[in-house]
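To keep things clear, I will list the structure first and then write my remarks on it.
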Amino acid sequence: MDTTRGSPEVRMDRKQRCVKLSVQPSRGLMDEKFLVLVQNVLPGFQLTVYAFYRCDDGHSWEAFAHYTANASGTVNVSEDHSLGGTYSGVEPMGLMWSLRPVPGSKPGLRMRKMNVQTPMEVTISVYRGHLTGGFVDQVPLAGVVVERWYMAPGVRRVPVTEGGLTATLFLPSGPGPFPGLLDLWGGGGKLVEYRAALLASHGIASLALDYLTPQITKETGKMVDNRYFEAAYRFLEQHPQVLGSRIGILGLSFGTSIALKMAVYSPVFKLRCAVCISGSHVQPIEGSVQQIMTSFHKNADKTRFNEEHQVIWRDLLLPIPTDPSLKVEVGRLRCPLLLVVGEDDQNWPAHESAVDVSSSPWRRPPPVCRSPDRTSLHAVRPRQQLQDPGPRPSDVDGSVGRRDCGTFPRSGGRLEEDAGLSEGESVRRHEPRSHFLLPPVTRSAPFDSGASACGSGSTDPLHRSSDMMLRGHALIDTKR
Amino acid sequence: MQSFGAVAELLAQTFWRRVPNQVVTTVTLLHLLFTLLRNQGPSSPVSLLARRLRPSSTMSSAASPVLSVVPSRALVDETFRVTVQNLPPGSAVTLHSLHRSEDEDLWEAYGHYVSDQWGSVSVADDFSFGGTYTGKEAMGLLWSMRPVPGSCKGLRLRKKNVCTPQLVHISVYDGHVEEGFTERPPLASVLSERWFIGPGVRRVEVQEKGVRGTLFIPPGPGPFPGVMDMWGGGGGLVEYRSALLASHGYASLALQYFAAGELSASKEFEYFETAFNVIRLHPLVSPDRVGILGLCLGAIITNHLAAESTVIKPRCCVCVSGVHICPRGASLTGIYKAMVANAHKTQVDENNQEIWRYRLLPISGDLAKKIDVGKINCPMLLVNGLDDQNMPAVEAAEDMAHMMRAAGKDHLLTRIEYPATGHLIEPPYSPHFRATKFMKKSTREKVILLWGGQTKSHSDAQEDSWKKILAFLQQHLYSNDPTGAKM
């Protein structure tokens, strides 16, 4: 934001009308909506609303949309149609979820907030006319700064190293005790905190666990085994501010493999519910992390490339085997399971796996979870690719070169009814706050461009997913 | 504090359910332990102790109520939604707010609720049946705050450092509690941040051409409309309203007054004109879109400048709890002297609190004793409380309307008067102060001044008037409506 004493162009404009731009609230959590209002322009005035964000590692991201003011000289982003830009149509949060690297950025970028103790500071500006580029060369008519937080006030961040863990616990504010959640990301490794921070902001004590690149693996060169996950579970279970009988697990991509493995086979894990995003149950039964990785790697010859030479790994597990010894026996699960998949997932065959899971016979049928309007939250349509690249054999054994599995600009779609697993009241009964208001990481973390997987080009967002979330379903906001 | 609460609750549930005195003793002992070892990790002695005392999993499987305050970070004039879920249906609970001020005073508010058949309470939608507020009051936990029992008398809550938020702890307690909140563990608690300053607003200390104050500039390239913001006779430099105005898009100068006698009469008038020009000529300010907002003494100065200045032309003015009664041509010092001269007209109420409104009554017909408001040429918004015990603001507004009508200027005047509302009409949701400590400038004597107002009505007036003030400023400083007609 310019803090100098105004350019000549600004001083000449000082007598002209003052455009009023407001974003409310100016400080919000990442999963909260805001209202962008432009006022005091001429009726029918063409303008561009522009969002700019410089992330912690110095890369610049932008989004923009074209609007025409109404008869009162007002543009309301929540109600008016964007006529073009990085999103179109009526999109209250389009300026966030359609953020992409500015032209000239290096390819394959991904936005992930690693420091959750500071907010994302997004500058939202208004420009004259319908611009598609050259924003830095223009003086905007108005601009405001918006803070987007992963951590609500009072949430406590506690680094955890006991028991050899590399983890961070986020405790909600208040005396507790709180339900607990083990939060597992995917094959990219590292200790990724933002989803756990946001869950804690909604009342769930969440433990973000690094299980691929923890300190112990760095020191010994060995991947962790079941005892590591059981130690993480016990840490939560025994924590004085966690309700030991109300622990859930959430895994994305490779994190799904771990979550299902532990949920079904570990005698230590007593889970209240499990959420698996963009993952598969196809893996050696009771295999260790190393063994699962190796099994994926065995099919590395099934790797495909698109026309931009981006890596597609979804075929590594296809076709879904019929031999039950090659898949986690999901039917043995004794808690509700929510699967969230994208049908355009090019990184992992999550959809095919979900279909296979829901068609498997259940030894004891899980509690029926139906939303009030009987909609199930199984598949997301039409084309949805969530983030996280999935397992990365390259990073573990170094035998393959630099991986390019990324994720892709999400295309959207409407949530589809499916007869499979559904979410709703009965899941809510299992956790007091069972609607995991999971980060629209998708909102804040637009996908890499130039990454491995392809998606289709549709830009319809997932309105229904947000609505479901608001009605208390344990649904991830799959907007991005 | 949170660990203490959790363990205390566990103890109460498992061992000492029927022996509250032992709970108190044990709780006090544990509180001491936890206070000493507060920031220990899970392997600390305290946590290990907590784990050993942990009841069986069946006992601990009862889930806590879930309290949420949305948004958790907000500007002070934004509303929030406070909800509780996961309570037993039909259970009595108390919602409580607690704030420790910069002066280390504790302020609190509370409301008594009963959960519905789904075990939920929504402050915005449900009735409070008792406490510091009753009825359906979404923001009652803020505006009905008062000093906790045992506090000094006459306290006032004003934020000095606007760069940090006001932290308010919102908690839910079991049962309909009326006191002793800090001595019992809540069922749940969240922290809410209330900000006077939006992200990106720039704070600039001003010492220019003899003018002292703080300028708050909105984020963005500008240019912005400007506001000169003046407070009352209490003096000092009060920044929070300017910070809030900047958060709404106005470059706002919180002006510090000079000391009485520091300047000559003509220089005093010039001081305010110079201050206005400091804003007007700022490169990020639109020079023909600058207004003035004044409260109490600040409102008198506003009237004076609007009527008499040949140097500055405010685009519009807002006068809150002010008057036009001022010896013509008088300086600030002159106003103080006139007030002191009428000190014998001060009354006191049954609590020995001083009522100053009669010092300026009756309103004279002598034009030499009043600002000639018939000369004003810009839109004026007057905001007053009908229970103002400090200034006869409503009587003055009536007289001003009469004078402006006689001069053919009444189309410029908008008057808003609120019943049961006192003198200190502040930004919304701040607590109401019916009477507070005040140091008299002339004698340095500390008294308790009665400002007036009944809490509920006064708070409604603060909320409504702020919206109207912002709408007025937007109409006259942002919009291009050339007529500047009455709001």
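Ordering of the structure tokens sets the chain letters (A, B, ...), residue numbers begin anew at 1 in every chain, and ligands are numbered from 1 in the order given.
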### Message
For range 204-216 of chain B, find every residue with an atom within 10 Å (counting only C-alpha atoms), except residues of its own chain fewer than 4 positions away, and show them as JSON, numbers by chain.
### Response
{"B": [197, 226, 227, 228, 229, 236, 237, 238, 239, 240, 241, 242, 243, 244, 245, 246, 247, 249, 250, 251, 252, 253, 254, 255, 256, 257, 258, 271, 272, 273, 274, 275, 276, 278, 279]}
Those selected residues, please, written with C-alpha atoms and delivered as a compact mmCIF listing (two decimals), in the first residue's frame.
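Writing the result to selection15.txt gives the following:
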# COMPACT_ATOMS: atom_id res chain seq x y z
CA ILE B 197 -8.48 0.15 13.67
CA GLY B 226 -11.24 14.03 5.64
CA VAL B 227 -12.66 14.62 9.10
CA MET B 228 -11.39 16.77 11.94
CA ASP B 229 -12.37 14.94 15.10
CA GLY B 236 -5.86 14.70 26.27
CA LEU B 237 -5.58 13.03 22.92
CA VAL B 238 -8.39 10.57 22.27
CA GLU B 239 -7.72 8.54 19.13
CA TYR B 240 -10.23 5.74 18.95
CA ARG B 241 -13.03 7.46 17.10
CA SER B 242 -10.64 8.74 14.43
CA ALA B 243 -9.15 5.27 14.06
CA LEU B 244 -12.63 3.92 13.52
CA LEU B 245 -13.51 6.65 11.02
CA ALA B 246 -10.36 5.83 9.05
CA SER B 247 -11.45 2.20 9.06
CA GLY B 249 -12.63 5.40 4.66
CA TYR B 250 -12.09 8.87 6.15
CA ALA B 251 -8.71 10.43 6.77
CA SER B 252 -9.39 11.56 10.32
CA LEU B 253 -7.40 13.85 12.59
CA ALA B 254 -7.85 13.30 16.30
CA LEU B 255 -7.02 16.77 17.52
CA GLN B 256 -5.32 17.58 20.77
CA TYR B 257 -6.29 20.87 22.39
CA PHE B 258 -3.80 23.36 23.66
CA TYR B 271 -5.28 26.76 15.79
CA PHE B 272 -8.47 25.01 14.73
CA GLU B 273 -8.40 26.54 11.26
CA THR B 274 -4.79 25.45 10.84
CA ALA B 275 -5.66 21.96 12.03
CA PHE B 276 -8.46 21.78 9.49
CA VAL B 278 -3.48 20.20 7.90
CA ILE B 279 -6.06 17.64 6.85
### Task
Mind checking which residues fall within 6 Å of range 211-222 of chain A, counting only C-alpha atoms, ignoring those fewer than 6 positions away in the same chain, and posting them as a VMD selection string?
chain A and resid 166 189 to 190
Residues just named, written with all heavy atoms as a compact mmCIF listing (two decimals), in the first residue's frame:
# COMPACT_ATOMS: atom_id res chain seq x y z
N THR A 166 6.80 -35.56 15.73
CA THR A 166 6.98 -34.22 15.16
C THR A 166 5.57 -33.75 14.82
O THR A 166 4.97 -34.20 13.84
CB THR A 166 7.85 -34.25 13.89
OG1 THR A 166 9.12 -34.76 14.23
CG2 THR A 166 7.99 -32.85 13.30
N GLY A 189 4.60 -34.61 2.68
CA GLY A 189 5.34 -34.56 3.92
C GLY A 189 5.28 -33.19 4.57
O GLY A 189 4.39 -32.38 4.29
N LYS A 190 6.22 -32.93 5.40
CA LYS A 190 6.35 -31.68 6.18
C LYS A 190 5.26 -31.60 7.25
O LYS A 190 4.32 -32.40 7.29
CB LYS A 190 6.31 -30.44 5.28
CG LYS A 190 7.43 -30.39 4.26
CD LYS A 190 7.56 -29.02 3.62
CE LYS A 190 6.56 -28.82 2.50
NZ LYS A 190 6.87 -27.66 1.65
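With only C-alpha atoms as the atoms that count, the residue of A:Leu181, A:Val160, A:Val311, A:Leu21 with the shortest distance to Val144 in chain A is A:Leu21.
Among the candidates B:Gly150, B:Gly298, B:Pro186, B:Gly140, the one nearest to chain A when counting only C-alpha atoms is B:Pro186.
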### Summary
A straight line from CA of Leu326 in chain A to CA of Asn226 in chain A spans 18.6 Å
Using only C-alpha atoms, determine which residues lie at most 6 Å from Gly374 in chain B, disregarding the query and same-chain residues fewer than 4 positions distant; provide the list as an mmCIF file with N, CA and C atoms, in the first residue's frame.
data_model
loop_
_atom_site.group_PDB
_atom_site.id
_atom_site.type_symbol
_atom_site.label_atom_id
_atom_site.label_comp_id
_atom_site.auth_asym_id
_atom_site.auth_seq_id
_atom_site.Cartn_x
_atom_site.Cartn_y
_atom_site.Cartn_z
ATOM 1 N N MET B 403 -32.815 29.789 15.182
ATOM 2 C CA MET B 403 -31.935 30.795 14.581
ATOM 3 C C MET B 403 -31.677 30.479 13.105
ATOM 4 N N MET B 404 -31.487 29.213 12.801
ATOM 5 C CA MET B 404 -31.181 28.861 11.419
ATOM 6 C C MET B 404 -32.426 29.033 10.544
ATOM 7 N N ALA B 407 -32.744 32.494 9.561
ATOM 8 C CA ALA B 407 -31.776 32.885 8.536
ATOM 9 C C ALA B 407 -32.016 32.151 7.231
#
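Taking CA of Gln389 in chain B as the reference point, CA of Gly329 in chain B is found at 26.1 Å.
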Need the shell around range 81-83 of chain B: protein/DNA/RNA residues with any atom at most 6 Å away, counting only C-alpha atoms. Skip same-chain ones fewer than 6 positions apart. Format as a JSON list (two decimals) with N, CA, C and O atoms, in the first residue's frame?
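Done, and the output landed in around06.json:
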[["chain", "number", "residue", "atom", "x", "y", "z"],
["B", 67, "LEU", "N", -19.17, -23.26, 22.38],
["B", 67, "LEU", "CA", -19.49, -21.83, 22.35],
["B", 67, "LEU", "C", -18.80, -21.22, 21.14],
["B", 67, "LEU", "O", -17.63, -21.49, 20.90],
["B", 68, "SER", "N", -19.54, -20.44, 20.37],
["B", 68, "SER", "CA", -18.86, -19.77, 19.27],
["B", 68, "SER", "C", -19.26, -18.31, 19.20],
["B", 68, "SER", "O", -20.40, -17.94, 19.50],
["B", 69, "VAL", "N", -18.29, -17.49, 18.85],
["B", 69, "VAL", "CA", -18.51, -16.05, 18.66],
["B", 69, "VAL", "C", -18.01, -15.74, 17.26],
["B", 69, "VAL", "O", -16.83, -15.92, 16.96],
["B", 70, "VAL", "N", -18.91, -15.33, 16.40],
["B", 70, "VAL", "CA", -18.55, -15.09, 15.00],
["B", 70, "VAL", "C", -18.96, -13.66, 14.60],
["B", 70, "VAL", "O", -20.14, -13.34, 14.75],
["B", 121, "VAL", "N", -28.35, -22.27, 22.42],
["B", 121, "VAL", "CA", -28.70, -20.90, 22.81],
["B", 121, "VAL", "C", -28.11, -19.98, 21.75],
["B", 121, "VAL", "O", -26.95, -20.16, 21.34],
["B", 122, "SER", "N", -28.89, -19.03, 21.31],
["B", 122, "SER", "CA", -28.38, -18.03, 20.38],
["B", 122, "SER", "C", -28.70, -16.66, 20.98],
["B", 122, "SER", "O", -29.86, -16.30, 21.16],
["B", 123, "VAL", "N", -27.64, -15.90, 21.31],
["B", 123, "VAL", "CA", -27.87, -14.63, 21.99],
["B", 123, "VAL", "C", -28.67, -13.67, 21.11],
["B", 123, "VAL", "O", -29.49, -12.90, 21.61]]
### Query
Which of these residues is nearest to Glu121 in chain A, using only C-alpha atoms: A:Gly163, A:Gly28, A:Pro179, A:Pro43?
A:Gly28
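Among the candidates B:Leu95, B:Arg289, B:Gln166, B:Leu155, the one nearest to chain A when counting only C-alpha atoms is B:Arg289.
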### Task
Would you mind writing down, as a PyMOL selection string, each residue of range 3-179 of chain A that DSSP on the backbone assigns to strand (DSSP E or B)?
chain A and resi 20-24+27-29+35-39+46-54+60-68+75-76+82+85+89+100-101+120-128+142-149+156-160+167-171+178-179
Hey, can you spit out that residue selection with C-alpha atoms as a compact mmCIF listing (two decimals), in the first residue's frame?
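Contents of the output file out14.txt:
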# COMPACT_ATOMS: atom_id res chain seq x y z
CA LYS A 20 -15.70 3.94 -1.57
CA LEU A 21 -14.54 0.36 -1.24
CA SER A 22 -15.30 -1.73 1.80
CA VAL A 23 -14.76 -5.37 2.70
CA GLN A 24 -16.62 -6.66 5.73
CA ARG A 27 -10.56 -9.55 9.63
CA GLY A 28 -11.93 -13.06 9.32
CA LEU A 29 -11.13 -16.71 9.57
CA LEU A 35 -18.79 -8.81 1.57
CA VAL A 36 -17.04 -6.61 -0.97
CA LEU A 37 -18.89 -3.40 -1.74
CA VAL A 38 -17.92 -0.66 -4.16
CA GLN A 39 -19.92 2.55 -3.90
CA GLN A 46 -17.15 -0.51 -15.64
CA LEU A 47 -14.64 -1.56 -13.06
CA THR A 48 -12.34 -4.39 -12.09
CA VAL A 49 -12.12 -5.67 -8.54
CA TYR A 50 -8.62 -7.00 -7.95
CA ALA A 51 -7.11 -9.08 -5.16
CA PHE A 52 -3.40 -9.29 -4.51
CA TYR A 53 -1.49 -11.44 -2.06
CA ARG A 54 2.22 -11.82 -1.48
CA SER A 60 2.70 -12.92 -5.75
CA TRP A 61 -0.83 -14.08 -6.39
CA GLU A 62 -3.75 -12.26 -7.96
CA ALA A 63 -7.40 -12.60 -8.84
CA PHE A 64 -9.74 -10.18 -10.56
CA ALA A 65 -13.24 -9.81 -11.86
CA HIS A 66 -15.11 -7.43 -14.11
CA TYR A 67 -18.24 -5.68 -12.92
CA THR A 68 -20.60 -2.98 -14.08
CA VAL A 75 -21.16 -3.00 -7.08
CA ASN A 76 -21.87 -5.76 -4.56
CA SER A 82 -18.67 -11.04 -12.62
CA GLY A 85 -11.70 -12.36 -15.03
CA GLY A 89 -20.90 -15.29 -12.21
CA ARG A 100 -3.37 -17.59 -9.11
CA PRO A 101 0.32 -16.74 -9.54
CA MET A 120 -2.86 -13.74 5.10
CA GLU A 121 -2.98 -10.06 4.16
CA VAL A 122 -4.86 -9.62 0.93
CA THR A 123 -5.14 -6.24 -0.74
CA ILE A 124 -8.42 -5.75 -2.56
CA SER A 125 -8.55 -2.84 -5.01
CA VAL A 126 -10.83 -1.32 -7.59
CA TYR A 127 -9.60 -0.28 -11.02
CA ARG A 128 -11.32 1.71 -13.71
CA ALA A 142 -9.45 2.53 -4.00
CA GLY A 143 -7.91 -0.29 -2.01
CA VAL A 144 -8.33 -1.99 1.31
CA VAL A 145 -6.45 -4.65 3.23
CA VAL A 146 -8.17 -7.78 4.49
CA GLU A 147 -6.74 -10.15 7.05
CA ARG A 148 -7.57 -13.86 6.72
CA TRP A 149 -6.66 -15.98 9.71
CA ARG A 156 -3.18 -22.17 21.50
CA ARG A 157 -0.41 -23.59 19.37
CA VAL A 158 1.65 -26.24 21.16
CA PRO A 159 4.66 -27.84 19.41
CA VAL A 160 4.84 -31.51 20.32
CA ALA A 167 3.62 -32.57 15.55
CA THR A 168 1.76 -29.45 16.56
CA LEU A 169 -1.29 -29.44 18.77
CA PHE A 170 -3.86 -26.70 18.40
CA LEU A 171 -6.14 -26.26 21.38
CA PHE A 178 -12.53 -30.82 23.68
CA PRO A 179 -13.02 -33.53 21.10
### Query
Given the choices A:Gln138, A:Thr294, A:Thr161, A:Ser72, which gets closest to Asp210 in chain A if the distance is worked out from only C-alpha atoms?
A:Thr161
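CA of Met139 in chain B sits 22.2 Å away from CA of Gly180 in chain B.
For Ala435 in chain B, the list of residues within 7 Å, based on only C-alpha atoms and with local chain neighbours fewer than 5 positions off taken out, reads Gly154, Ile448, Leu449, Leu450, Trp451 and Gly452 of chain B.
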